[in-house]
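Novice: This one is data_24.txt, compact mmCIF, C-alpha atoms and all ligand atoms.
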```txt
# COMPACT_ATOMS: atom_id res chain seq x y z
CA MET W 1 68.54 136.97 66.07
CA GLU W 2 69.32 138.29 62.64
CA ASN W 3 67.09 137.08 59.82
CA GLN W 4 68.91 134.60 57.65
CA LYS W 5 68.29 134.67 53.93
CA LEU W 6 67.44 131.25 52.57
CA PRO W 7 69.56 130.06 49.67
CA ASP W 8 67.70 130.47 46.40
CA ASN W 9 67.02 126.89 45.49
CA ASP W 10 63.86 124.98 44.71
CA GLY W 11 63.86 122.89 47.87
CA LYS W 12 64.05 125.85 50.26
CA ARG W 13 61.53 127.81 48.24
CA LEU W 14 59.11 124.90 48.26
CA LEU W 15 59.52 124.47 52.01
CA GLY W 16 58.89 128.17 52.52
CA GLN W 17 55.70 127.99 50.47
CA LEU W 18 54.59 124.90 52.34
CA ALA W 19 55.18 126.53 55.71
CA GLY W 20 53.23 129.58 54.55
CA GLU W 21 50.29 127.48 53.42
CA ILE W 22 50.15 125.55 56.67
CA GLY W 23 50.62 128.63 58.84
CA LYS W 24 47.48 130.28 57.45
CA SER W 25 45.07 127.62 58.61
CA PHE W 26 46.94 125.37 60.98
CA LEU W 27 45.41 126.81 64.18
CA GLU W 28 41.88 126.47 62.85
CA ILE W 29 41.91 122.77 61.99
CA THR W 30 41.30 119.68 64.15
CA LEU W 31 44.03 117.55 65.65
CA ASP W 32 43.42 114.79 63.11
CA GLU W 33 43.68 117.31 60.30
CA LYS W 34 46.89 118.69 61.81
CA LEU W 35 48.36 115.19 61.89
CA GLU W 36 47.29 114.66 58.29
CA GLU W 37 48.97 117.92 57.29
CA LEU W 38 52.14 116.97 59.16
CA GLU W 39 52.18 113.63 57.36
CA LYS W 40 52.07 115.53 54.05
CA VAL W 41 54.99 117.68 55.21
CA LYS W 42 56.92 114.57 56.17
CA LYS W 43 56.36 113.05 52.73
CA CYS W 44 57.34 116.31 51.08
CA LEU W 45 60.59 116.42 53.08
CA GLU W 46 61.34 112.80 52.25
CA ASN W 47 60.84 113.55 48.55
CA LEU W 48 63.04 116.62 48.77
CA GLU W 49 65.76 114.61 50.44
CA LYS W 50 65.85 112.18 47.53
CA PHE W 51 66.71 115.01 45.14
CA GLN W 52 69.27 116.76 47.31
CA PRO W 53 72.79 115.63 46.41
CA LYS W 54 74.51 114.73 49.68
CA GLU W 55 78.16 114.27 50.36
CA GLY W 56 78.92 110.62 50.87
CA LYS W 57 75.79 109.46 49.06
CA MET W 58 77.56 109.67 45.73
CA GLU W 59 80.44 107.56 46.94
CA ILE W 60 82.00 105.31 44.33
CA VAL W 61 82.69 101.73 45.38
CA LYS W 62 84.39 98.82 43.65
CA TYR W 63 83.05 95.29 43.57
CA ASN W 64 83.44 92.07 41.66
CA HIS W 65 80.82 91.77 38.93
CA HIS W 66 80.88 88.43 37.06
CA GLY W 67 84.59 88.02 37.81
CA VAL W 68 85.64 91.57 36.93
CA GLU W 69 86.28 94.40 39.38
CA VAL W 70 84.08 97.35 38.43
CA SER W 71 83.37 100.78 39.92
CA VAL W 72 79.85 101.96 40.68
CA ILE W 73 78.11 104.81 42.45
CA SER W 74 77.18 103.05 45.67
CA GLU W 75 73.56 104.22 45.58
CA LEU W 76 73.06 102.81 42.09
CA LYS W 77 74.65 99.43 42.70
CA GLY W 78 72.14 96.69 41.89
CA LYS W 79 69.51 99.21 40.70
CA HIS W 80 70.00 98.60 36.98
CA ARG W 81 66.84 96.55 36.53
CA ASP W 82 64.74 98.99 38.52
CA HIS W 83 65.80 101.82 36.23
CA CYS W 84 65.87 100.11 32.85
CA LEU W 85 62.88 100.42 30.52
CA CYS W 86 63.75 97.10 28.88
CA PHE W 87 62.68 95.16 31.97
CA ARG W 88 59.16 96.55 31.51
CA CYS W 89 59.08 96.31 27.75
CA GLY W 90 57.15 93.79 25.70
CA LYS W 91 59.98 93.57 23.18
CA PHE W 92 62.51 92.42 25.76
CA SER W 93 63.32 88.72 26.14
CA PHE W 94 65.99 86.74 27.96
CA ASP W 95 65.97 84.43 24.92
CA PRO W 96 68.59 86.00 22.58
CA ALA W 97 66.66 84.75 19.52
CA LYS W 98 63.54 86.68 20.60
CA ASN W 99 65.14 89.71 22.19
CA CYS W 100 64.81 93.27 20.92
CA PRO W 101 67.76 94.06 18.60
CA ILE W 102 68.52 97.33 20.41
CA ALA W 103 68.59 95.61 23.79
CA SER W 104 70.75 92.83 22.32
CA LEU W 105 73.21 95.37 20.92
CA LEU W 106 73.38 97.22 24.22
CA PHE W 107 73.85 93.95 26.09
CA ALA W 108 76.72 93.00 23.71
CA VAL W 109 78.43 96.33 24.45
CA CYS W 110 77.93 95.80 28.19
CA ILE W 111 79.49 92.35 27.99
CA GLN W 112 82.35 93.51 25.76
CA CYS W 113 83.22 96.55 27.86
CA HIS W 114 82.21 95.29 31.33
CA ILE W 115 79.72 98.09 31.83
CA THR W 116 76.16 98.09 33.14
CA THR W 117 73.73 100.60 31.78
CA PRO W 118 69.97 100.98 31.93
CA VAL W 119 67.87 102.28 29.04
CA TYR W 120 66.20 105.46 30.28
CA GLU W 121 64.58 106.50 27.02
CA CYS W 122 63.52 104.51 23.99
CA LYS W 123 61.25 105.28 21.05
CA GLU W 124 60.65 101.56 20.45
CA PHE W 125 59.30 100.83 23.94
CA GLU W 126 56.17 98.72 24.03
CA ILE W 127 53.96 98.02 27.05
CA GLU W 128 54.68 94.49 28.19
CA GLU W 129 51.87 91.97 28.46
CA LYS W 130 53.80 89.82 30.92
CA LYS W 131 56.93 90.65 32.91
CA PRO W 132 59.97 88.66 31.68
CA GLN W 133 61.33 86.06 34.12
CA GLY W 134 64.82 84.75 34.85
CA GLY W 135 68.16 86.03 33.59
S1 LIG X 201 62.41 98.47 22.56
FE1 LIG X 201 63.69 99.79 23.81
S2 LIG X 201 62.91 99.51 25.89
FE2 LIG X 201 62.16 97.84 24.65
S3 LIG X 201 63.63 96.21 24.94
FE3 LIG X 201 64.21 97.33 23.10
S4 LIG X 201 65.70 98.84 23.83
FE4 LIG X 201 64.59 98.09 25.60
```
Can you present the structure in this file as structure tokens?

Specialist:
Amino acid sequence: MENQKLPDNDGKRLLGQLAGEIGKSFLEITLDEKLEELEKVKKCLENLEKFQPKEGKMEIVKYNHHGVEVSVISELKGKHRDHCLCFRCGKFSFDPAKNCPIASLLFAVCIQCHITTPVYECKEFEIEEKKPQGG
């Protein structure tokens, strides 16, 4: 069989390196150690899979959000709070009178335009003392 050249991308390169590392010592280690190594490979492959864009996984779906039909990447639907810094920030509050002004402004835009957006970066972020409840 003709040797196939692997596409030059990080995932394939990483796998190649991993296989090389294991190949060197795999025959000399115990069964338990082999299983441990294979578990590491499994985790590595699972992590790689998360970063590989796959057809179908980026599908856009429509759903009714607070009475308005919106479009969303299916994989991100309902993930807003998991991604948003505000939900881990000490300045964030569900009480509008106590809430961070930036978060309040963003929330107002979201309401006005029927969008949902997490905050991925913020220079004002503060470690929360207690996770906010409700809302
Ligand atoms: S400071 Fe930044 S992260 Fe914290 S609530 Fe305000 S906008 Fe969100």

Novice: Would you write out, as a tab-separated table, a table of all residues in chain W that have an atom no more than 10 Å from an atom of ligand LIG 201 (chain X), listing for each the closest atom pair and the distance in Å to one decimal, considering only C-alpha atoms and all ligand atoms and ordering rows by chain and rising residue number?

Specialist:
```
residue	atom	partner	partner_atom	distance
W:Cys84	CA	X:LIG201	S2	7.6
W:Leu85	CA	X:LIG201	S2	4.7
W:Cys86	CA	X:LIG201	FE4	3.5
W:Phe87	CA	X:LIG201	S3	7.2
W:Arg88	CA	X:LIG201	S2	7.4
W:Cys89	CA	X:LIG201	FE2	4.6
W:Gly90	CA	X:LIG201	FE2	6.5
W:Lys91	CA	X:LIG201	S3	4.8
W:Phe92	CA	X:LIG201	S3	4.0
W:Ser93	CA	X:LIG201	S3	7.6
W:Asn99	CA	X:LIG201	S3	7.2
W:Cys100	CA	X:LIG201	FE3	4.6
W:Pro101	CA	X:LIG201	FE3	6.6
W:Ile102	CA	X:LIG201	S4	4.7
W:Ala103	CA	X:LIG201	S4	4.3
W:Ser104	CA	X:LIG201	FE3	8.0
W:Leu105	CA	X:LIG201	S4	8.8
W:Leu106	CA	X:LIG201	S4	7.9
W:Phe107	CA	X:LIG201	S4	9.8
W:Pro118	CA	X:LIG201	FE4	8.8
W:Val119	CA	X:LIG201	FE4	6.3
W:Tyr120	CA	X:LIG201	S2	8.1
W:Glu121	CA	X:LIG201	S2	7.3
W:Cys122	CA	X:LIG201	FE1	4.7
W:Lys123	CA	X:LIG201	FE1	6.6
W:Glu124	CA	X:LIG201	S1	4.1
W:Phe125	CA	X:LIG201	S1	4.1
W:Glu126	CA	X:LIG201	FE2	6.1
W:Ile127	CA	X:LIG201	FE2	8.5
W:Glu128	CA	X:LIG201	FE2	8.9
```

Novice: If you measure from CA of Thr117 in chain W to CA of Asp95 in chain W, what distance in Å do you get, rounded to one decimal?

Specialist: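 A separation of 19.2 Å between them.
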
Novice: For Val68 in chain W, please output as a list in words all residues within 10 Å (counting all atoms listed in the file; exclusion window: fewer than 5 positions along the same chain).

Specialist: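 These residues fall inside the cut-off: Lys62, Tyr63 and His114 of chain W.
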
Novice: Print the selection's residues with C-alpha atoms to a file, as a PDB file, in the coordinates of the input.

Specialist:
```
ATOM      1  CA  LYS W  62      84.390  98.820  43.650  1.00  0.00           C
ATOM      2  CA  TYR W  63      83.050  95.290  43.570  1.00  0.00           C
ATOM      3  CA  HIS W 114      82.210  95.290  31.330  1.00  0.00           C
TER       4      HIS W 114
END
```

Novice: Give me, please, the distance in Å between CA of His66 in chain W and CA of Ala97 in chain W, quoted to one decimal.

Specialist: 22.9 Å

Novice: Distance CA of Glu69 in chain W-CA of Phe94 in chain W, one decimal place?

Specialist: 24.5 Å
